[in-house]
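Trainee: This is entry04.csv (CSV, C-alpha atoms).
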chain,number,residue,atom,x,y,z
A,13,MET,CA,-62.1,79.1,-50.3
A,14,LYS,CA,-59.5,76.5,-49.2
A,15,ARG,CA,-61.0,73.4,-47.7
A,16,GLU,CA,-59.5,72.3,-44.4
A,17,VAL,CA,-58.1,68.8,-44.3
A,18,ALA,CA,-58.5,66.7,-41.2
A,19,PRO,CA,-55.3,65.5,-39.5
A,20,LEU,CA,-54.3,62.0,-40.2
A,21,LYS,CA,-55.2,59.6,-37.4
A,22,VAL,CA,-52.3,57.7,-36.0
A,23,ALA,CA,-52.4,54.4,-34.0
A,24,VAL,CA,-49.4,53.4,-31.9
A,25,ILE,CA,-48.9,49.7,-32.1
A,26,GLY,CA,-46.9,48.3,-29.2
A,27,LEU,CA,-45.3,49.9,-26.1
A,28,GLY,CA,-42.7,47.4,-25.0
A,29,HIS,CA,-40.0,49.5,-26.8
A,30,LEU,CA,-37.6,52.3,-26.1
A,31,HIS,CA,-39.1,54.8,-28.5
A,32,PRO,CA,-43.0,55.2,-28.4
A,33,ARG,CA,-43.0,58.0,-25.7
A,34,SER,CA,-40.3,60.0,-27.5
A,35,TYR,CA,-42.2,59.6,-30.8
A,36,MET,CA,-45.3,61.1,-29.2
A,37,THR,CA,-43.3,64.4,-28.9
A,38,LEU,CA,-42.7,64.3,-32.7
A,39,PHE,CA,-46.3,63.5,-33.5
A,40,LYS,CA,-47.4,66.5,-31.3
A,41,ALA,CA,-45.0,68.7,-33.3
A,42,VAL,CA,-46.7,67.9,-36.7
A,43,PRO,CA,-50.2,69.5,-37.0
A,44,ASP,CA,-51.1,67.2,-39.8
A,45,VAL,CA,-51.3,64.1,-37.6
A,46,ARG,CA,-53.1,63.2,-34.4
A,47,VAL,CA,-52.5,60.1,-32.3
A,48,THR,CA,-55.9,58.8,-31.3
A,49,SER,CA,-55.2,55.2,-30.0
A,50,VAL,CA,-52.7,52.6,-28.9
A,51,PHE,CA,-52.6,48.8,-29.0
A,52,GLU,CA,-50.7,47.0,-26.2
A,53,GLU,CA,-51.6,43.7,-24.5
A,54,ASP,CA,-49.8,44.6,-21.3
A,55,GLY,CA,-52.2,46.8,-19.3
A,56,THR,CA,-49.3,48.0,-17.0
A,57,LEU,CA,-47.8,49.7,-20.1
A,58,ARG,CA,-51.1,50.6,-21.9
A,59,GLU,CA,-53.0,52.3,-19.1
A,60,PRO,CA,-50.4,54.8,-18.0
A,61,PHE,CA,-49.6,55.7,-21.7
A,62,CYS,CA,-53.3,56.3,-22.4
A,63,GLN,CA,-53.6,58.5,-19.3
A,64,ASP,CA,-50.5,60.5,-20.0
A,65,PHE,CA,-51.4,61.3,-23.6
A,66,GLY,CA,-55.2,61.2,-23.5
A,67,ILE,CA,-55.8,58.5,-26.1
A,68,ARG,CA,-57.8,55.3,-26.2
A,69,GLY,CA,-56.2,52.0,-25.5
A,70,TYR,CA,-56.9,48.5,-26.9
A,71,ASP,CA,-55.6,45.0,-25.9
A,72,ARG,CA,-56.4,43.5,-29.3
A,73,LEU,CA,-55.1,44.9,-32.6
A,74,ASP,CA,-58.1,43.8,-34.6
A,75,ARG,CA,-60.5,45.7,-32.3
A,76,LEU,CA,-58.4,48.9,-32.6
A,77,LEU,CA,-58.4,48.7,-36.4
A,78,LYS,CA,-62.1,48.2,-36.6
A,79,ALA,CA,-63.0,50.9,-34.1
A,80,GLU,CA,-60.4,53.5,-34.9
A,81,GLN,CA,-59.8,53.1,-38.6
A,82,PRO,CA,-56.4,54.8,-38.4
A,83,ASP,CA,-54.7,56.4,-41.4
A,84,ILE,CA,-51.2,55.5,-40.1
A,85,ALA,CA,-50.1,52.6,-37.9
A,86,ALA,CA,-46.8,53.2,-36.1
A,87,LEU,CA,-45.4,49.8,-35.2
A,88,PHE,CA,-43.1,49.4,-32.1
A,89,LEU,CA,-43.5,45.7,-31.5
A,90,PRO,CA,-40.9,43.0,-31.0
A,91,HIS,CA,-39.3,42.5,-34.4
A,92,VAL,CA,-40.7,39.0,-34.8
A,93,ASP,CA,-44.3,40.3,-34.4
A,94,CYS,CA,-44.0,43.1,-36.9
A,95,PRO,CA,-44.9,41.2,-40.1
A,96,ASP,CA,-48.2,39.8,-38.8
A,97,ALA,CA,-49.2,43.1,-37.3
A,98,ALA,CA,-48.2,45.0,-40.4
A,99,GLU,CA,-50.3,42.7,-42.6
A,100,LEU,CA,-53.4,43.3,-40.5
A,101,CYS,CA,-52.8,47.1,-40.5
A,102,ALA,CA,-52.2,47.3,-44.2
A,103,ALA,CA,-55.3,45.1,-44.9
A,104,ALA,CA,-57.3,47.7,-42.9
A,105,GLY,CA,-56.0,50.5,-45.1
A,106,ALA,CA,-53.5,51.9,-42.6
A,107,HIS,CA,-50.2,53.3,-43.9
A,108,LEU,CA,-47.2,51.8,-42.2
A,109,MET,CA,-44.4,53.3,-40.1
A,110,VAL,CA,-42.5,50.2,-39.0
A,111,GLU,CA,-39.6,50.9,-36.5
A,112,LYS,CA,-36.3,49.5,-37.9
A,113,PRO,CA,-35.2,46.8,-38.5
A,114,MET,CA,-38.9,45.9,-39.5
A,115,ALA,CA,-38.7,42.2,-38.7
A,116,SER,CA,-36.5,39.5,-37.1
A,117,THR,CA,-35.6,38.1,-40.6
A,118,ARG,CA,-35.3,39.5,-44.1
A,119,ARG,CA,-38.2,37.3,-45.1
A,120,GLY,CA,-40.3,39.0,-42.5
A,121,ALA,CA,-39.4,42.4,-43.9
A,122,GLU,CA,-40.3,41.2,-47.4
A,123,ARG,CA,-43.7,40.2,-46.1
A,124,ILE,CA,-44.3,43.7,-44.9
A,125,VAL,CA,-43.2,45.2,-48.3
A,126,THR,CA,-45.6,42.8,-50.1
A,127,ALA,CA,-48.5,43.7,-47.8
A,128,ALA,CA,-48.0,47.4,-48.4
A,129,ARG,CA,-48.0,46.9,-52.1
A,130,ARG,CA,-50.9,44.6,-52.1
A,131,ASN,CA,-53.1,47.0,-50.1
A,132,LYS,CA,-51.7,50.1,-51.8
A,133,VAL,CA,-50.5,51.8,-48.6
A,134,GLN,CA,-47.3,53.7,-48.0
A,135,LEU,CA,-44.5,52.1,-46.0
A,136,THR,CA,-41.5,53.6,-44.3
A,137,THR,CA,-39.0,52.5,-41.7
A,138,GLY,CA,-36.9,54.5,-39.2
A,139,TYR,CA,-33.5,55.0,-41.0
A,140,CYS,CA,-33.7,58.7,-40.2
A,141,TRP,CA,-29.9,59.2,-40.3
A,142,ARG,CA,-30.0,59.6,-44.1
A,143,LEU,CA,-32.1,62.8,-43.5
A,144,HIS,CA,-29.4,64.5,-41.4
A,145,PRO,CA,-28.0,67.5,-43.3
A,146,VAL,CA,-24.4,66.3,-42.7
A,147,ALA,CA,-25.2,62.9,-44.3
A,148,GLN,CA,-26.7,64.7,-47.2
A,149,GLU,CA,-23.6,66.9,-47.6
A,150,ILE,CA,-21.3,63.9,-47.5
A,151,LYS,CA,-23.4,62.3,-50.2
A,152,ARG,CA,-23.1,65.5,-52.3
A,153,LEU,CA,-19.4,65.8,-51.9
A,154,ILE,CA,-18.8,62.2,-52.8
A,155,SER,CA,-21.1,62.4,-55.8
A,156,SER,CA,-19.3,65.5,-57.0
A,157,GLY,CA,-16.0,63.7,-57.0
A,158,MET,CA,-14.5,65.9,-54.3
A,159,ILE,CA,-12.6,62.9,-52.7
A,160,GLY,CA,-12.2,60.9,-55.9
A,161,GLU,CA,-13.1,57.3,-56.1
A,162,VAL,CA,-14.2,56.0,-52.7
A,163,VAL,CA,-12.0,53.0,-51.7
A,164,GLY,CA,-12.8,52.6,-48.0
A,165,GLY,CA,-14.9,53.7,-45.1
A,166,GLU,CA,-15.5,53.3,-41.4
A,167,GLY,CA,-18.6,53.3,-39.3
A,168,ARG,CA,-18.8,53.1,-35.5
A,169,CYS,CA,-22.0,52.9,-33.5
A,170,ALA,CA,-21.8,52.0,-29.9
A,171,ALA,CA,-25.0,52.8,-28.1
A,172,GLY,CA,-25.6,52.1,-24.5
A,173,ARG,CA,-25.3,48.8,-22.6
A,174,LEU,CA,-27.6,45.8,-22.6
A,175,THR,CA,-29.2,47.1,-19.4
A,176,ARG,CA,-30.8,50.0,-21.2
A,177,TYR,CA,-33.3,47.6,-22.8
A,178,LEU,CA,-34.1,46.1,-19.4
A,179,ASP,CA,-34.6,49.6,-18.0
A,180,GLY,CA,-36.7,50.6,-21.0
A,181,LYS,CA,-39.1,47.6,-20.5
A,182,SER,CA,-38.0,45.9,-23.8
A,183,PRO,CA,-36.1,42.8,-22.6
A,184,TRP,CA,-37.3,40.9,-25.7
A,185,ILE,CA,-34.6,42.7,-27.7
A,186,LEU,CA,-32.0,40.6,-25.9
A,187,GLU,CA,-33.7,37.4,-27.1
A,188,LYS,CA,-32.5,36.4,-30.6
A,189,ALA,CA,-35.7,34.6,-31.5
A,190,LYS,CA,-37.7,37.8,-31.0
A,191,SER,CA,-35.2,40.5,-32.1
A,192,GLY,CA,-33.2,38.7,-34.8
A,193,GLY,CA,-29.8,39.4,-33.2
A,194,GLY,CA,-27.7,41.8,-31.2
A,195,PRO,CA,-26.2,45.2,-32.0
A,196,MET,CA,-25.5,44.6,-35.7
A,197,TYR,CA,-29.2,43.7,-36.1
A,198,ASN,CA,-30.6,46.5,-34.0
A,199,LEU,CA,-28.0,49.3,-34.5
A,200,GLY,CA,-25.7,48.3,-37.4
A,201,VAL,CA,-28.6,48.6,-39.8
A,202,HIS,CA,-28.5,52.3,-39.4
A,203,TRP,CA,-24.9,52.6,-40.7
A,204,ILE,CA,-25.6,50.0,-43.4
A,205,ASP,CA,-28.5,52.0,-44.7
A,206,LEU,CA,-26.5,55.3,-44.4
A,207,CYS,CA,-23.6,53.8,-46.4
A,208,ARG,CA,-26.0,52.6,-49.1
A,209,MET,CA,-27.5,56.0,-49.4
A,210,ILE,CA,-24.3,58.0,-49.4
A,211,LEU,CA,-22.4,55.7,-51.8
A,212,GLN,CA,-25.5,55.0,-53.9
A,213,ASP,CA,-24.3,51.4,-54.1
A,214,GLU,CA,-25.1,48.0,-52.8
A,215,VAL,CA,-23.1,45.6,-50.7
A,216,VAL,CA,-22.1,42.4,-52.6
A,217,GLU,CA,-19.9,40.6,-50.1
A,218,VAL,CA,-19.5,40.5,-46.3
A,219,SER,CA,-17.1,39.3,-43.7
A,220,GLY,CA,-18.3,39.4,-40.1
A,221,ARG,CA,-17.4,38.4,-36.5
A,222,ASN,CA,-19.4,38.7,-33.3
A,223,VAL,CA,-18.1,38.9,-29.8
A,224,LYS,CA,-20.2,37.7,-26.8
A,225,ILE,CA,-19.3,38.9,-23.3
A,226,ASN,CA,-22.6,38.6,-21.4
A,227,GLN,CA,-23.7,35.2,-20.0
A,228,GLU,CA,-27.4,36.0,-19.5
A,229,TYR,CA,-28.6,36.4,-23.1
A,230,ASP,CA,-28.2,34.8,-26.5
A,231,VAL,CA,-27.2,37.9,-28.4
A,232,GLU,CA,-23.7,39.2,-28.9
A,233,ASP,CA,-22.4,42.4,-27.3
A,234,ASN,CA,-20.1,43.5,-30.2
A,235,SER,CA,-20.2,42.9,-33.9
A,236,PHE,CA,-17.6,43.7,-36.5
A,237,ALA,CA,-18.0,43.5,-40.3
A,238,HIS,CA,-16.3,44.4,-43.6
A,239,LEU,CA,-18.7,45.3,-46.4
A,240,ARG,CA,-17.6,45.2,-50.0
A,241,PHE,CA,-19.7,47.4,-52.3
A,242,LYS,CA,-20.3,46.7,-55.9
A,243,LYS,CA,-18.1,49.6,-57.1
A,244,GLY,CA,-15.2,48.4,-55.0
A,245,ALA,CA,-15.3,50.4,-51.7
A,246,ILE,CA,-14.8,48.4,-48.5
A,247,VAL,CA,-16.5,49.7,-45.3
A,248,ALA,CA,-15.5,48.5,-41.8
A,249,LEU,CA,-18.2,48.5,-39.1
A,250,ASP,CA,-17.8,48.4,-35.4
A,251,ILE,CA,-21.2,48.0,-33.7
A,252,SER,CA,-21.5,47.6,-30.0
A,253,TYR,CA,-23.6,47.4,-26.8
A,254,THR,CA,-20.5,48.1,-24.7
A,255,VAL,CA,-20.0,51.9,-24.9
A,256,PRO,CA,-18.6,53.4,-21.6
A,257,ASP,CA,-21.2,55.3,-19.6
A,258,ALA,CA,-18.9,58.4,-19.8
A,259,PHE,CA,-19.8,59.0,-23.5
A,260,PRO,CA,-22.1,61.9,-24.2
A,261,CYS,CA,-25.7,60.7,-24.7
A,262,GLY,CA,-24.3,57.2,-24.1
A,263,ARG,CA,-23.2,56.9,-27.7
A,264,ASP,CA,-19.9,56.6,-29.5
A,265,LEU,CA,-20.6,57.5,-33.2
A,266,TYR,CA,-18.3,57.9,-36.2
A,267,VAL,CA,-18.6,57.9,-40.0
A,268,ALA,CA,-15.7,58.3,-42.5
A,269,PHE,CA,-15.0,57.7,-46.2
A,270,ARG,CA,-11.6,57.7,-47.9
A,271,GLY,CA,-11.1,58.3,-51.6
A,272,THR,CA,-8.3,58.5,-54.0
A,273,ARG,CA,-8.2,62.3,-53.6
A,274,GLY,CA,-9.4,63.0,-50.1
A,275,VAL,CA,-11.1,62.0,-46.8
A,276,ILE,CA,-14.4,62.9,-45.2
A,277,SER,CA,-15.1,62.3,-41.5
A,278,TRP,CA,-18.0,63.0,-39.1
A,279,SER,CA,-18.6,62.3,-35.4
A,280,PRO,CA,-22.3,62.8,-35.1
A,281,ALA,CA,-23.5,64.8,-32.1
A,282,TYR,CA,-26.8,62.7,-32.1
A,283,GLU,CA,-29.2,64.8,-30.0
A,284,GLY,CA,-26.6,67.7,-29.7
A,285,GLN,CA,-27.2,70.8,-31.7
A,286,LYS,CA,-23.8,71.2,-33.5
A,287,ASP,CA,-22.2,68.7,-35.9
A,288,VAL,CA,-18.8,69.2,-37.5
A,289,LEU,CA,-17.9,67.7,-40.9
A,290,HIS,CA,-14.2,67.4,-41.7
A,291,VAL,CA,-13.0,67.3,-45.3
A,292,CYS,CA,-9.5,67.0,-46.7
A,293,SER,CA,-9.1,67.0,-50.4
A,294,ASP,CA,-6.6,67.5,-53.3
A,295,ASP,CA,-9.4,68.9,-55.4
A,296,ALA,CA,-8.7,72.2,-57.1
A,297,ALA,CA,-11.5,73.8,-55.2
A,298,PHE,CA,-9.5,73.3,-52.0
A,299,ALA,CA,-6.4,74.9,-53.4
A,300,GLY,CA,-4.6,76.8,-50.6
A,301,SER,CA,-6.8,75.2,-47.9
A,302,PRO,CA,-6.7,71.4,-48.3
A,303,ARG,CA,-8.5,70.9,-44.9
A,304,ARG,CA,-11.9,72.3,-44.1
A,305,SER,CA,-14.3,72.0,-41.2
A,306,GLN,CA,-17.9,72.8,-41.7
A,307,GLU,CA,-20.3,73.3,-38.8
A,308,PHE,CA,-24.0,72.4,-39.0
A,309,GLU,CA,-26.1,73.9,-36.2
A,310,LEU,CA,-29.5,72.2,-36.1
A,311,GLN,CA,-32.6,73.6,-34.6
A,312,PRO,CA,-33.2,72.2,-31.1
A,313,THR,CA,-35.9,69.6,-31.6
A,314,PRO,CA,-37.3,67.4,-28.7
A,315,GLY,CA,-38.4,63.9,-29.4
A,316,TYR,CA,-36.8,60.7,-30.9
A,317,SER,CA,-33.7,61.6,-32.9
A,318,GLY,CA,-34.5,65.3,-32.7
A,319,PHE,CA,-34.3,67.1,-36.0
A,320,MET,CA,-33.9,63.9,-38.0
A,321,GLY,CA,-36.9,62.2,-36.3
A,322,LEU,CA,-39.1,65.2,-37.1
A,323,GLU,CA,-38.0,65.3,-40.7
A,324,TYR,CA,-38.6,61.6,-41.0
A,325,LEU,CA,-42.2,62.0,-39.8
A,326,ARG,CA,-42.9,65.0,-42.0
A,327,ALA,CA,-41.5,63.2,-45.0
A,328,PHE,CA,-43.8,60.2,-44.4
A,329,VAL,CA,-46.9,62.5,-43.9
A,330,ARG,CA,-46.1,64.1,-47.3
A,331,SER,CA,-45.8,60.7,-48.8
A,332,VAL,CA,-49.3,59.7,-47.4
A,333,ARG,CA,-50.8,62.9,-48.7
A,334,THR,CA,-49.3,62.9,-52.1
A,335,GLY,CA,-49.1,59.1,-52.8
A,336,LYS,CA,-45.4,59.4,-53.6
A,337,GLU,CA,-42.9,56.9,-52.2
A,338,PRO,CA,-41.2,58.1,-49.0
A,339,PRO,CA,-37.5,58.8,-49.0
A,340,ILE,CA,-36.9,55.8,-46.8
A,341,SER,CA,-38.8,52.8,-48.2
A,342,GLY,CA,-39.7,49.4,-47.0
A,343,GLN,CA,-37.2,48.0,-49.6
A,344,ASP,CA,-34.5,49.9,-47.9
A,345,GLY,CA,-35.3,48.0,-44.8
A,346,VAL,CA,-35.1,44.7,-46.7
A,347,GLU,CA,-31.7,45.6,-48.1
A,348,ALA,CA,-30.3,46.4,-44.7
A,349,LEU,CA,-31.4,43.1,-43.3
A,350,ARG,CA,-30.0,41.3,-46.3
A,351,VAL,CA,-26.6,42.6,-45.4
A,352,VAL,CA,-27.0,41.9,-41.6
A,353,GLU,CA,-28.0,38.3,-42.2
A,354,ALA,CA,-24.9,37.9,-44.4
A,355,VAL,CA,-22.8,39.2,-41.4
A,356,TYR,CA,-24.2,36.5,-39.2
A,357,GLN,CA,-23.7,33.8,-41.8
A,358,SER,CA,-20.1,34.9,-42.2
A,359,ASP,CA,-19.5,34.7,-38.5
A,360,SER,CA,-20.8,31.1,-38.4
A,361,ALA,CA,-19.0,30.0,-41.6
A,362,ARG,CA,-15.7,31.9,-40.8
A,363,ARG,CA,-15.5,33.2,-44.4
A,364,TRP,CA,-16.6,35.9,-46.7
A,365,VAL,CA,-20.2,35.6,-47.7
A,366,GLU,CA,-21.5,36.7,-51.1
A,367,ILE,CA,-24.8,38.5,-51.2
A,368,LYS,CA,-27.1,37.3,-54.0
A,369,ARG,CA,-30.1,39.3,-55.1
Please re-express this file's structure in structure tokens.

Mentor:
Amino acid sequence: MKREVAPLKVAVIGLGHLHPRSYMTLFKAVPDVRVTSVFEEDGTLREPFCQDFGIRGYDRLDRLLKAEQPDIAALFLPHVDCPDAAELCAAAGAHLMVEKPMASTRRGAERIVTAARRNKVQLTTGYCWRLHPVAQEIKRLISSGMIGEVVGGEGRCAAGRLTRYLDGKSPWILEKAKSGGGPMYNLGVHWIDLCRMILQDEVVEVSGRNVKINQEYDVEDNSFAHLRFKKGAIVALDISYTVPDAFPCGRDLYVAFRGTRGVISWSPAYEGQKDVLHVCSDDAAFAGSPRRSQEFELQPTPGYSGFMGLEYLRAFVRSVRTGKEPPISGQDGVEALRVVEAVYQSDSARRWVEIKR
């Protein structure tokens, strides 16, 4: 007779963030987890959350860890506070889901990786775009040589305006000391990680420039960078908090790669249900039809990042159950921040910055 396994207990750590409520929809969709508690110092955020989801609330993290003994801690704190909290959670035996970019510095992210290893708990971070089926198909096509040697690429991620963080009760993200930086730090990390995954390569040199329009906050509104990868490809990034309100879902997204024998491009639908991948190739397999468009229709999925978010959570639960490293690791988080910090260094120095590992 098969023995039933109790769901993994999840504690939500921090509510001053855009994503905790939409993550609750994902947690509810996975039978193998159950959110039992939340830590948040601000009672005006904590009490309504507890009432809405029927969970216990704590104003001190140490008390939650002692009383609840969660299996998983899902961190949604200001980036600067994540390393201290992650170390406490890991020491209590909780596996770590740390919302990207994990910390306000690369050193902070490295502290989280060290804490997870020391306490033998699993660690993941929210670079769920690499789990999108179109991203996986782009990786497959490039690995197969379909577009030849990749020489260049583009990534555009313009997501909302600065005001969405004020409306979402997370104004700290507009303070560099607490967040680490502006759109490149908060959004550009997604595309940096995606390029690393698709190209199976690391960035070795960076040139970056930031543009500041707002007068109220000390983070930039727009960030631009060129990333040179070890194998030679150069990817241009355009990351912004200034997308027009008219854009669907408030996001202007684009990814493309150009090789010696073809081009691949994708404008992600984000929470839409249909994505289209465009491929143009001189490869023999494309004879008679050098241009192809492939549609990917995803199952409607409520919650943060829809289908991708659900796959991200399921993958981490499997990792916790099996002891195998999740497909998105803490080290991936460190590498993304290594690149972002080089972008900011380049902006200050007005030159290309080499990344040393």

Trainee: Just want the 9 Å neighbourhood of range 17-26 of chain A, counted on all atoms listed in the file, with same-chain residues fewer than 2 positions away dropped. Output as a PyMOL selection string.

Mentor: chain A and resi 15+28-29+32+39+43-53+58+73+76-77+80-90+97+106+329

Trainee: Which one of A:Glu161, A:Glu337, A:Asp250, A:Asp96 sits closest to Arg273 in chain A if you count only C-alpha atoms?

Mentor: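 Counting only C-alpha atoms, the residue closest to Arg273 in chain A is A:Glu161.
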
Trainee: For Glu166 in chain A, which residue among A:Ile340, A:Ala248, A:Val275, A:Val125 is the nearest when counting all atoms listed in the file?

Mentor: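 Among the listed residues, A:Ala248 lies closest to Glu166 in chain A.
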
Trainee: Once you count all atoms listed in the file, which residues end up no further than 9 Å from (-26.1, 35.4, -45.7) in the file's frame, shown as a PDB file with C-alpha atoms, keeping the file's coordinate frame?

Mentor:
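Writing the result to out.pdb gives the following:
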ATOM      1  CA  VAL A 218     -19.500  40.500 -46.300  1.00  0.00           C
ATOM      2  CA  ARG A 350     -30.000  41.300 -46.300  1.00  0.00           C
ATOM      3  CA  VAL A 351     -26.600  42.600 -45.400  1.00  0.00           C
ATOM      4  CA  VAL A 352     -27.000  41.900 -41.600  1.00  0.00           C
ATOM      5  CA  GLU A 353     -28.000  38.300 -42.200  1.00  0.00           C
ATOM      6  CA  ALA A 354     -24.900  37.900 -44.400  1.00  0.00           C
ATOM      7  CA  VAL A 355     -22.800  39.200 -41.400  1.00  0.00           C
ATOM      8  CA  TYR A 356     -24.200  36.500 -39.200  1.00  0.00           C
ATOM      9  CA  GLN A 357     -23.700  33.800 -41.800  1.00  0.00           C
ATOM     10  CA  SER A 358     -20.100  34.900 -42.200  1.00  0.00           C
ATOM     11  CA  VAL A 365     -20.200  35.600 -47.700  1.00  0.00           C
ATOM     12  CA  GLU A 366     -21.500  36.700 -51.100  1.00  0.00           C
ATOM     13  CA  ILE A 367     -24.800  38.500 -51.200  1.00  0.00           C
ATOM     14  CA  LYS A 368     -27.100  37.300 -54.000  1.00  0.00           C
TER      15      LYS A 368
END

Trainee: Measuring atom to atom with all atoms listed in the file, identify which of A:Arg363, A:Met109, A:Arg369, A:Pro314 is nearest to Glu214 in chain A.

Mentor: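 The answer is A:Arg369, which sits nearest to Glu214 in chain A.
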
Trainee: Rank A:Leu199, A:Ala281, A:Ala361, A:Ala297 by their smallest atom-to-atom distance to Ile185 in chain A, using all atoms listed in the file, and report the top residue only.

Mentor: A:Leu199

Trainee: Skipping near chain neighbours, those fewer than 2 positions away, what residues fall within 12 Å of Pro312 in chain A using all atoms listed in the file, listed as a ChimeraX atom specification?

Mentor: /A:282-286,309-310,314-315,317-322

Trainee: Tell me which protein, DNA and RNA residues are within 10 Å of range 115-118 of chain A, counting only C-alpha atoms, leaving out same-chain ones fewer than 5 positions away, and put them as a PyMOL selection string.

Mentor: chain A and resi 89-96+110+123-124+188-193+197-198+345-353

Trainee: To one decimal place, how far is CA of Ile225 in chain A from CA of Thr175 in chain A in Å?

Mentor: 13.4 Å

Trainee: Set the distance at 12 Å and use only C-alpha atoms: which residues neighbour Thr334 in chain A once local chain neighbours fewer than 6 positions away are removed? I'd like the list as an mmCIF file with C-alpha atoms, in the frame of the given file.

Mentor:
data_model
loop_
_atom_site.group_PDB
_atom_site.id
_atom_site.type_symbol
_atom_site.label_atom_id
_atom_site.label_comp_id
_atom_site.auth_asym_id
_atom_site.auth_seq_id
_atom_site.Cartn_x
_atom_site.Cartn_y
_atom_site.Cartn_z
ATOM 1 C CA VAL A 133 -50.500 51.800 -48.600
ATOM 2 C CA GLN A 134 -47.300 53.700 -48.000
ATOM 3 C CA ALA A 327 -41.500 63.200 -45.000
ATOM 4 C CA PHE A 328 -43.800 60.200 -44.400
#

Trainee: Can you pull out the residues contacting His202 in chain A? Cut-off 9 Å, using only C-alpha atoms, and skip same-chain residues under 5 positions away; I want them as JSON, numbers by chain.

Mentor: {"A": [112, 113, 138, 139, 140, 141, 142, 169, 207, 348]}

Trainee: Between A:Ala128, A:Ala237, A:Cys101, A:Ala79, single out the one closest to Arg362 in chain A, counting only C-alpha atoms.

Mentor: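 Of all the options, A:Ala237 lies closest to Arg362 in chain A.
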
Trainee: CA of Ala98 in chain A and CA of Leu174 in chain A are how many Å apart?

Mentor: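 Separation of CA of Ala98 in chain A and CA of Leu174 in chain A: 27.2 Å.
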
Trainee: What's the separation between CA of Arg303 in chain A and CA of Asp205 in chain A, in Å to one decimal place?

Mentor: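 Atom-to-atom, CA of Arg303 in chain A and CA of Asp205 in chain A are spaced 27.5 Å apart.
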
Trainee: When distances are computed from only C-alpha atoms, which of A:Val215, A:Arg168, A:Val288, A:Leu100 shows the smallest separation from Tyr266 in chain A?

Mentor: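 Smallest separation from Tyr266 in chain A among the options: A:Arg168.
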